[in-house]
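Text of final-v3.txt, listed as compact mmCIF, C-alpha atoms:
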# COMPACT_ATOMS: atom_id res chain seq x y z
CA MET O 1 16.04 -8.48 -20.10
CA LYS O 2 16.25 -9.59 -16.47
CA LYS O 3 13.78 -11.91 -14.79
CA ILE O 4 11.72 -10.14 -12.15
CA GLY O 5 10.28 -11.84 -9.11
CA CYS O 6 6.91 -10.61 -7.83
CA ILE O 7 5.60 -11.69 -4.45
CA GLY O 8 2.22 -10.45 -3.23
CA LEU O 9 -0.45 -10.32 -5.93
CA GLY O 10 -3.36 -8.55 -4.29
CA ILE O 11 -5.12 -5.41 -5.50
CA MET O 12 -1.85 -3.51 -5.95
CA GLY O 13 0.78 -6.16 -6.58
CA SER O 14 -1.11 -7.96 -9.33
CA ARG O 15 -1.54 -4.75 -11.31
CA MET O 16 2.07 -3.67 -10.83
CA ALA O 17 3.23 -7.10 -12.04
CA ALA O 18 0.87 -6.99 -15.03
CA ASN O 19 2.38 -3.69 -16.17
CA LEU O 20 5.88 -5.17 -16.04
CA GLN O 21 4.65 -8.19 -17.97
CA LYS O 22 3.09 -6.00 -20.66
CA GLN O 23 6.49 -4.36 -21.19
CA GLY O 24 8.13 -7.71 -21.90
CA TYR O 25 9.60 -8.63 -18.53
CA GLU O 26 9.63 -12.32 -17.69
CA LEU O 27 8.07 -12.80 -14.27
CA VAL O 28 8.47 -15.41 -11.57
CA VAL O 29 5.53 -15.05 -9.20
CA TYR O 30 4.42 -16.25 -5.79
CA ASN O 31 1.35 -15.55 -3.70
CA ARG O 32 -0.06 -17.40 -0.73
CA THR O 33 -3.26 -17.83 -2.76
CA LYS O 34 -2.24 -19.16 -6.18
CA GLU O 35 -5.53 -18.25 -7.88
CA LYS O 36 -4.60 -14.56 -7.62
CA ALA O 37 -1.67 -15.27 -9.95
CA LYS O 38 -3.82 -16.96 -12.61
CA SER O 39 -3.98 -14.11 -15.13
CA LEU O 40 -0.24 -13.52 -14.88
CA ILE O 41 0.49 -17.24 -15.30
CA ASP O 42 -1.92 -17.41 -18.25
CA ASN O 43 0.15 -14.64 -19.86
CA GLY O 44 3.45 -16.43 -19.37
CA ALA O 45 4.58 -15.83 -15.80
CA ILE O 46 6.34 -18.72 -14.06
CA TRP O 47 4.78 -19.93 -10.81
CA ALA O 48 7.17 -20.52 -7.92
CA ALA O 49 6.25 -22.95 -5.14
CA THR O 50 7.99 -20.89 -2.44
CA PRO O 51 9.43 -17.40 -1.92
CA LYS O 52 12.86 -19.07 -1.81
CA GLU O 53 12.34 -20.31 -5.36
CA VAL O 54 11.46 -16.78 -6.52
CA GLY O 55 14.71 -15.48 -5.04
CA ALA O 56 16.81 -18.26 -6.51
CA THR O 57 15.58 -17.72 -10.08
CA THR O 58 15.52 -13.93 -10.45
CA ASP O 59 17.84 -10.92 -10.26
CA ILE O 60 15.32 -8.49 -8.75
CA VAL O 61 12.40 -9.30 -6.45
CA ILE O 62 9.49 -6.94 -5.77
CA THR O 63 7.32 -7.58 -2.71
CA MET O 64 3.93 -5.97 -2.17
CA LEU O 65 2.55 -7.49 1.03
CA SER O 66 -0.08 -6.57 3.59
CA THR O 67 1.67 -6.31 6.96
CA PRO O 68 5.15 -6.35 8.52
CA GLU O 69 4.37 -9.80 9.90
CA VAL O 70 3.67 -11.17 6.42
CA VAL O 71 6.81 -9.51 5.01
CA LYS O 72 8.92 -11.13 7.73
CA GLU O 73 7.29 -14.51 7.16
CA ILE O 74 7.94 -14.32 3.41
CA ALA O 75 11.52 -13.07 3.81
CA SER O 76 12.87 -15.39 6.48
CA GLY O 77 12.91 -19.11 7.25
CA ASP O 78 14.05 -22.14 5.28
CA ASN O 79 11.70 -21.40 2.38
CA GLY O 80 12.00 -17.64 2.74
CA LEU O 81 12.95 -15.21 0.03
CA LEU O 82 16.33 -14.28 1.50
CA ASN O 83 17.34 -17.93 1.80
CA GLY O 84 17.11 -18.19 -1.97
CA MET O 85 18.27 -14.81 -3.30
CA LEU O 86 21.62 -14.74 -5.04
CA LYS O 87 24.48 -12.64 -3.77
CA ASN O 88 24.14 -8.97 -4.80
CA SER O 89 20.59 -9.40 -6.14
CA LEU O 90 18.06 -6.69 -5.31
CA TRP O 91 14.98 -6.81 -3.08
CA ILE O 92 12.53 -3.95 -3.67
CA ASN O 93 10.01 -3.88 -0.83
CA CYS O 94 6.93 -1.90 -1.88
CA SER O 95 4.87 -3.00 1.13
CA THR O 96 3.60 -0.31 3.49
CA VAL O 97 5.55 -0.93 6.71
CA ASN O 98 6.89 1.26 9.50
CA PRO O 99 10.41 2.75 9.22
CA SER O 100 11.96 0.75 12.07
CA PHE O 101 10.71 -2.48 10.50
CA THR O 102 12.02 -1.63 7.03
CA LYS O 103 15.44 -0.93 8.59
CA GLU O 104 15.25 -4.34 10.24
CA MET O 105 14.55 -5.94 6.87
CA ALA O 106 17.40 -3.99 5.26
CA ALA O 107 19.78 -5.30 7.91
CA LEU O 108 18.54 -8.85 7.35
CA ALA O 109 19.04 -8.45 3.61
CA THR O 110 22.58 -7.12 4.11
CA LYS O 111 23.35 -10.11 6.35
CA ASN O 112 22.31 -12.32 3.43
CA ARG O 113 24.41 -10.23 0.97
CA VAL O 114 21.31 -8.89 -0.75
CA ARG O 115 20.69 -5.23 -1.70
CA TYR O 116 17.51 -3.64 -0.38
CA LEU O 117 15.27 -0.76 -1.39
CA ASP O 118 12.52 0.74 0.75
CA ALA O 119 9.96 1.65 -1.93
CA PRO O 120 6.33 1.98 -0.80
CA VAL O 121 3.87 3.58 -3.20
CA ALA O 122 1.23 6.27 -3.01
CA GLY O 123 -1.86 5.40 -5.05
CA THR O 124 -4.69 2.90 -5.10
CA LYS O 125 -6.14 0.37 -7.57
CA GLY O 126 -6.64 2.76 -10.50
CA PRO O 127 -3.12 4.27 -10.48
CA ALA O 128 -1.65 0.79 -10.00
CA GLU O 129 -3.51 -0.47 -13.06
CA ASN O 130 -2.57 2.56 -15.16
CA GLY O 131 1.09 2.68 -14.15
CA GLU O 132 0.62 5.99 -12.34
CA LEU O 133 1.90 5.21 -8.85
CA LEU O 134 4.21 7.49 -6.89
CA PHE O 135 7.25 5.61 -5.58
CA LEU O 136 8.66 6.83 -2.27
CA VAL O 137 12.15 5.39 -2.21
CA GLY O 138 14.86 5.08 0.39
CA GLY O 139 18.17 3.35 -0.28
CA ASN O 140 21.48 3.32 -2.09
CA GLU O 141 21.73 5.61 -5.15
CA ASP O 142 23.05 2.81 -7.40
CA ASP O 143 20.23 0.50 -6.34
CA ILE O 144 17.65 3.20 -7.03
CA GLU O 145 19.17 3.72 -10.48
CA ALA O 146 18.98 -0.02 -11.17
CA ALA O 147 15.30 -0.09 -10.17
CA THR O 148 14.27 3.11 -11.97
CA PRO O 149 13.29 1.42 -15.28
CA LEU O 150 10.83 -0.71 -13.31
CA PHE O 151 9.52 2.26 -11.35
CA GLU O 152 8.96 4.13 -14.61
CA ILE O 153 6.75 1.30 -15.91
CA MET O 154 4.73 0.93 -12.72
CA GLY O 155 4.58 4.60 -11.77
CA LYS O 156 4.51 8.17 -12.97
CA LYS O 157 7.10 9.56 -10.56
CA THR O 158 9.86 8.37 -8.24
CA LEU O 159 11.02 10.38 -5.24
CA ASN O 160 14.49 9.59 -3.88
CA LEU O 161 14.09 10.40 -0.20
CA GLY O 162 17.50 9.31 1.04
CA GLU O 163 18.46 6.39 3.25
CA VAL O 164 16.41 3.26 3.90
CA GLY O 165 13.48 4.04 6.18
CA LYS O 166 12.68 7.45 4.75
CA GLY O 167 10.42 6.02 2.05
CA ALA O 168 8.43 4.21 4.74
CA ALA O 169 8.39 7.36 6.87
CA MET O 170 6.88 9.44 4.07
CA LYS O 171 4.28 6.74 3.32
CA MET O 172 3.26 6.74 7.00
CA LEU O 173 2.59 10.48 6.81
CA ILE O 174 0.65 10.27 3.54
CA ASN O 175 -1.69 7.56 4.79
CA GLN O 176 -2.00 9.27 8.16
CA LEU O 177 -3.27 12.41 6.44
CA LEU O 178 -5.51 10.38 4.14
CA GLY O 179 -7.20 8.67 7.07
CA GLN O 180 -7.60 11.88 9.04
CA SER O 181 -8.97 13.72 6.00
CA MET O 182 -11.47 10.94 5.29
CA VAL O 183 -12.82 10.90 8.85
CA ALA O 184 -13.05 14.70 9.01
CA PHE O 185 -14.97 14.87 5.72
CA ALA O 186 -17.25 11.96 6.64
CA GLU O 187 -18.10 13.63 9.96
CA ALA O 188 -18.89 16.88 8.15
CA LEU O 189 -21.20 15.07 5.71
CA VAL O 190 -23.04 13.29 8.51
CA MET O 191 -23.42 16.51 10.49
CA GLY O 192 -24.52 18.51 7.45
CA GLU O 193 -27.18 15.96 6.53
CA ALA O 194 -28.40 15.92 10.13
CA MET O 195 -28.85 19.71 9.91
CA GLY O 196 -31.04 19.30 6.84
CA LEU O 197 -28.56 20.04 4.05
CA GLU O 198 -28.79 17.91 0.91
CA LYS O 199 -25.82 15.63 0.32
CA GLU O 200 -25.36 16.97 -3.22
CA THR O 201 -25.26 20.52 -1.86
CA LEU O 202 -22.67 19.51 0.71
CA PHE O 203 -20.45 18.04 -1.99
CA ASN O 204 -20.92 20.98 -4.35
CA VAL O 205 -19.99 23.52 -1.69
CA LEU O 206 -17.47 21.77 0.58
CA LEU O 207 -15.38 20.29 -2.24
CA HIS O 208 -14.82 23.77 -3.65
CA THR O 209 -13.50 25.23 -0.43
CA PRO O 210 -9.79 25.27 0.49
CA VAL O 211 -10.41 23.48 3.79
CA VAL O 212 -11.21 20.09 2.22
CA ALA O 213 -8.42 17.77 1.09
CA PRO O 214 -8.37 17.44 -2.73
CA VAL O 215 -8.53 13.64 -2.50
CA MET O 216 -12.12 13.93 -1.30
CA SER O 217 -13.15 14.97 -4.81
CA ALA O 218 -11.71 11.70 -6.08
CA VAL O 219 -13.87 9.64 -3.71
CA ARG O 220 -17.07 11.64 -4.19
CA SER O 221 -18.72 9.05 -6.45
CA LYS O 222 -18.06 6.26 -3.96
CA LEU O 223 -19.74 8.22 -1.19
CA GLU O 224 -22.65 9.41 -3.36
CA ASN O 225 -23.38 5.94 -4.74
CA ALA O 226 -22.54 3.92 -1.62
CA ASP O 227 -20.01 2.08 -3.80
CA TYR O 228 -17.57 0.56 -1.37
CA GLU O 229 -15.89 -1.95 -3.67
CA PRO O 230 -12.34 -1.73 -2.32
CA ASN O 231 -9.75 0.39 -4.04
CA PHE O 232 -8.04 0.69 -0.66
CA PRO O 233 -9.58 -1.69 1.90
CA LEU O 234 -10.49 -0.12 5.22
CA GLN O 235 -8.59 -2.78 7.16
CA TRP O 236 -5.34 -1.70 5.53
CA ILE O 237 -5.64 1.99 6.30
CA GLN O 238 -6.43 0.97 9.88
CA LYS O 239 -3.22 -1.09 9.82
CA ASP O 240 -1.24 1.83 8.39
CA LEU O 241 -2.54 4.21 11.05
CA HIS O 242 -1.52 1.69 13.70
CA LEU O 243 1.99 1.49 12.22
CA SER O 244 2.15 5.28 12.17
CA SER O 245 1.21 5.37 15.85
CA ILE O 246 3.99 2.86 16.56
CA SER O 247 6.44 5.17 14.78
CA ALA O 248 5.20 8.14 16.82
CA TYR O 249 5.73 6.17 20.03
CA GLU O 250 9.23 5.15 18.96
CA ILE O 251 10.32 8.74 18.34
CA GLY O 252 8.44 10.23 21.30
CA VAL O 253 5.98 12.41 19.37
CA ALA O 254 2.44 13.01 20.61
CA THR O 255 -0.20 12.33 17.93
CA PRO O 256 -3.66 12.54 19.58
CA ASN O 257 -5.51 13.17 16.31
CA LEU O 258 -3.80 10.19 14.67
CA ASN O 259 -4.74 7.90 17.54
CA ALA O 260 -8.36 9.05 17.56
CA THR O 261 -8.60 8.46 13.80
CA LYS O 262 -7.03 5.03 14.15
CA GLU O 263 -9.63 4.04 16.75
CA ILE O 264 -12.49 5.18 14.50
CA PHE O 265 -11.23 2.93 11.70
CA THR O 266 -10.66 0.13 14.21
CA GLN O 267 -14.29 0.38 15.35
CA ALA O 268 -15.46 0.42 11.72
CA LYS O 269 -13.43 -2.73 11.09
CA GLN O 270 -14.96 -4.38 14.17
CA HIS O 271 -18.41 -3.55 12.78
CA GLY O 272 -17.75 -5.42 9.55
CA PHE O 273 -16.41 -2.72 7.23
CA GLY O 274 -12.83 -4.04 7.06
CA GLU O 275 -12.97 -5.52 3.56
CA GLN O 276 -14.87 -2.58 2.09
CA ASP O 277 -13.21 0.56 0.76
CA PHE O 278 -11.84 2.91 3.41
CA THR O 279 -14.48 5.46 2.39
CA ALA O 280 -17.06 3.18 4.04
CA VAL O 281 -16.09 4.84 7.32
CA TYR O 282 -18.82 7.32 6.32
CA GLU O 283 -21.40 4.53 6.58
CA PHE O 284 -20.05 3.57 9.98
CA LEU O 285 -20.29 7.17 11.25
CA ASN O 286 -23.78 7.78 9.82
CA PRO O 287 -26.45 7.00 12.46
CA LYS O 288 -29.14 6.73 9.75
CA LYS O 289 -27.39 3.78 8.11

What would the structure in this file look like if it were written as structure tokens?
Amino acid sequence: MKKIGCIGLGIMGSRMAANLQKQGYELVVYNRTKEKAKSLIDNGAIWAATPKEVGATTDIVITMLSTPEVVKEIASGDNGLLNGMLKNSLWINCSTVNPSFTKEMAALATKNRVRYLDAPVAGTKGPAENGELLFLVGGNEDDIEAATPLFEIMGKKTLNLGEVGKGAAMKMLINQLLGQSMVAFAEALVMGEAMGLEKETLFNVLLHTPVVAPVMSAVRSKLENADYEPNFPLQWIQKDLHLSSISAYEIGVATPNLNATKEIFTQAKQHGFGEQDFTAVYEFLNPKK
């Protein structure tokens, strides 16, 4: 069984790595904060001092990182991942990044004689823990086939979307709709309460109408109980909406609703909600809070 490198051990990456470990894969791990790797190391994972060391000691490396800037920092430089990866090894980038950036990383990988898959995921903490993520993959057919056994452990479904960049493009759209849906529903709750309707009544009626996104039913308990422990931190959906707006600019598409939604999450982040769950945008929009 091949050694797998895992870089980026936050909410998502740590759980994805743990599922691989449970299925018998030997892991070599790196994270900028070593303490986040403790449970994996305690269960037999090998700690690498640098991303370069991860690349030099594994056949396949999975990255799950926060921003394009962090991905680039991890990938390049003297101690970067690509400076260590062996010829014809495979880099699976599961980070949520914009399509033009993922194409840039693919070109950099090719220059270093490394294969590259664009493989962001749809799903939050629970699906990551339960191996129920949706992989949105762009890349070479043979590379996707080589990675499929790993995807099947970490996820419930893999969509082959074509060339590199199309996985990132689909992820942009999914998170764009998620952010827009969340803001629209939060505004409706705030307005309904202001008109004297009970919150429970609002949930019981609105969630059973076809105009509300189904995902709102999944976050009902967080909104009802003011439980904003992060499954998907607000600062990261704000980042994703920003990346989506960059993509819209690059292709010349007008997205006024996207940009308005992005600014609402940006304001919520500025008011201290960044590390809470993205559903906390309801608290930000509620004048009674």

| Contact residues around Gly13 of chain O with all atoms listed in the file at 9 Å, ignoring same-chain residues under 2 positions, as a PyMOL selection string | chain O and resi 6-11+15-18+62-65+94+128

| request: Rank nothing, just name the residue among O:Ser181, O:Asn160, O:Ser247, O:Thr209 nearest to Tyr282 of chain O, using only C-alpha atoms. | output: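 Closest to Tyr282 of chain O, using only C-alpha atoms: O:Ser181.
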
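The space between atom CA of Val121 of chain O and atom CA of Val54 of chain O spans 22.0 Å.
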
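With atom CA of Tyr249 of chain O on one side and atom CA of Val71 of chain O on the other, the separation reads 21.7 Å.
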
| Distance atom CA of Thr279 of chain O-atom CA of Val215 of chain O, one decimal place? |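 Atom-to-atom, atom CA of Thr279 of chain O and atom CA of Val215 of chain O are spaced 11.2 Å apart.
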
| Can you tell me, as a list of chain:residue names, what residues are no more than 7 Å from segment 137-151 of chain O when counting all atoms listed in the file, ignoring any on the same chain fewer than 6 positions away? | O:Leu117, O:Asp118, O:Ala119, O:Pro120, O:Thr158, O:Leu159, O:Asn160, O:Leu161, O:Gly162, O:Glu163, O:Val164, O:Gly165, O:Lys166, O:Gly167

| message | Taking all atoms listed in the file into account, name the residue in O:Val281, O:Lys3, O:Lys222, O:Leu81 that is nearest to Glu187 of chain O. | response |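 For Glu187 of chain O, the nearest of the given residues is O:Val281.
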
| query | Which residues come within 10 Å of segment 224-238 of chain O, counting only C-alpha atoms, excluding same-chain residues fewer than 2 positions away, as a VMD selection string? | reply | chain O and resid 11 to 12 66 to 67 96 123 to 126 175 to 176 178 to 179 199 to 200 203 219 to 222 240 to 244 261 to 270 272 to 283

Could the residues in this selection be written to a file with C-alpha atoms, as a PDB file, in the frame of the given file?
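Just written: part13.pdb:
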ATOM      1  CA  ILE O  11      -5.120  -5.410  -5.500  1.00  0.00           C
ATOM      2  CA  MET O  12      -1.850  -3.510  -5.950  1.00  0.00           C
ATOM      3  CA  SER O  66      -0.080  -6.570   3.590  1.00  0.00           C
ATOM      4  CA  THR O  67       1.670  -6.310   6.960  1.00  0.00           C
ATOM      5  CA  THR O  96       3.600  -0.310   3.490  1.00  0.00           C
ATOM      6  CA  GLY O 123      -1.860   5.400  -5.050  1.00  0.00           C
ATOM      7  CA  THR O 124      -4.690   2.900  -5.100  1.00  0.00           C
ATOM      8  CA  LYS O 125      -6.140   0.370  -7.570  1.00  0.00           C
ATOM      9  CA  GLY O 126      -6.640   2.760 -10.500  1.00  0.00           C
ATOM     10  CA  ASN O 175      -1.690   7.560   4.790  1.00  0.00           C
ATOM     11  CA  GLN O 176      -2.000   9.270   8.160  1.00  0.00           C
ATOM     12  CA  LEU O 178      -5.510  10.380   4.140  1.00  0.00           C
ATOM     13  CA  GLY O 179      -7.200   8.670   7.070  1.00  0.00           C
ATOM     14  CA  LYS O 199     -25.820  15.630   0.320  1.00  0.00           C
ATOM     15  CA  GLU O 200     -25.360  16.970  -3.220  1.00  0.00           C
ATOM     16  CA  PHE O 203     -20.450  18.040  -1.990  1.00  0.00           C
ATOM     17  CA  VAL O 219     -13.870   9.640  -3.710  1.00  0.00           C
ATOM     18  CA  ARG O 220     -17.070  11.640  -4.190  1.00  0.00           C
ATOM     19  CA  SER O 221     -18.720   9.050  -6.450  1.00  0.00           C
ATOM     20  CA  LYS O 222     -18.060   6.260  -3.960  1.00  0.00           C
ATOM     21  CA  ASP O 240      -1.240   1.830   8.390  1.00  0.00           C
ATOM     22  CA  LEU O 241      -2.540   4.210  11.050  1.00  0.00           C
ATOM     23  CA  HIS O 242      -1.520   1.690  13.700  1.00  0.00           C
ATOM     24  CA  LEU O 243       1.990   1.490  12.220  1.00  0.00           C
ATOM     25  CA  SER O 244       2.150   5.280  12.170  1.00  0.00           C
ATOM     26  CA  THR O 261      -8.600   8.460  13.800  1.00  0.00           C
ATOM     27  CA  LYS O 262      -7.030   5.030  14.150  1.00  0.00           C
ATOM     28  CA  GLU O 263      -9.630   4.040  16.750  1.00  0.00           C
ATOM     29  CA  ILE O 264     -12.490   5.180  14.500  1.00  0.00           C
ATOM     30  CA  PHE O 265     -11.230   2.930  11.700  1.00  0.00           C
ATOM     31  CA  THR O 266     -10.660   0.130  14.210  1.00  0.00           C
ATOM     32  CA  GLN O 267     -14.290   0.380  15.350  1.00  0.00           C
ATOM     33  CA  ALA O 268     -15.460   0.420  11.720  1.00  0.00           C
ATOM     34  CA  LYS O 269     -13.430  -2.730  11.090  1.00  0.00           C
ATOM     35  CA  GLN O 270     -14.960  -4.380  14.170  1.00  0.00           C
ATOM     36  CA  GLY O 272     -17.750  -5.420   9.550  1.00  0.00           C
ATOM     37  CA  PHE O 273     -16.410  -2.720   7.230  1.00  0.00           C
ATOM     38  CA  GLY O 274     -12.830  -4.040   7.060  1.00  0.00           C
ATOM     39  CA  GLU O 275     -12.970  -5.520   3.560  1.00  0.00           C
ATOM     40  CA  GLN O 276     -14.870  -2.580   2.090  1.00  0.00           C
ATOM     41  CA  ASP O 277     -13.210   0.560   0.760  1.00  0.00           C
ATOM     42  CA  PHE O 278     -11.840   2.910   3.410  1.00  0.00           C
ATOM     43  CA  THR O 279     -14.480   5.460   2.390  1.00  0.00           C
ATOM     44  CA  ALA O 280     -17.060   3.180   4.040  1.00  0.00           C
ATOM     45  CA  VAL O 281     -16.090   4.840   7.320  1.00  0.00           C
ATOM     46  CA  TYR O 282     -18.820   7.320   6.320  1.00  0.00           C
ATOM     47  CA  GLU O 283     -21.400   4.530   6.580  1.00  0.00           C
TER      48      GLU O 283
END

| field | Nearest residue to Thr102 of chain O from the set O:Ala169, O:Tyr25, O:Ile46, O:Asn88 (distances using only C-alpha atoms) | value |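 The answer is O:Ala169, which sits nearest to Thr102 of chain O.
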
| message | Calculated over all atoms listed in the file, which of the candidates O:Asn19, O:Leu27, O:Glu104, O:Thr201 has the smallest distance to Pro127 of chain O? | response |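 Comparing O:Asn19, O:Leu27, O:Glu104, O:Thr201 against Pro127 of chain O, the winner is O:Asn19.
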
| Val28 of chain O surroundings by only C-alpha atoms, 6 Å radius, close-in-sequence under 2 positions cut, as a PyMOL selection string | chain O and resi 5+45-47
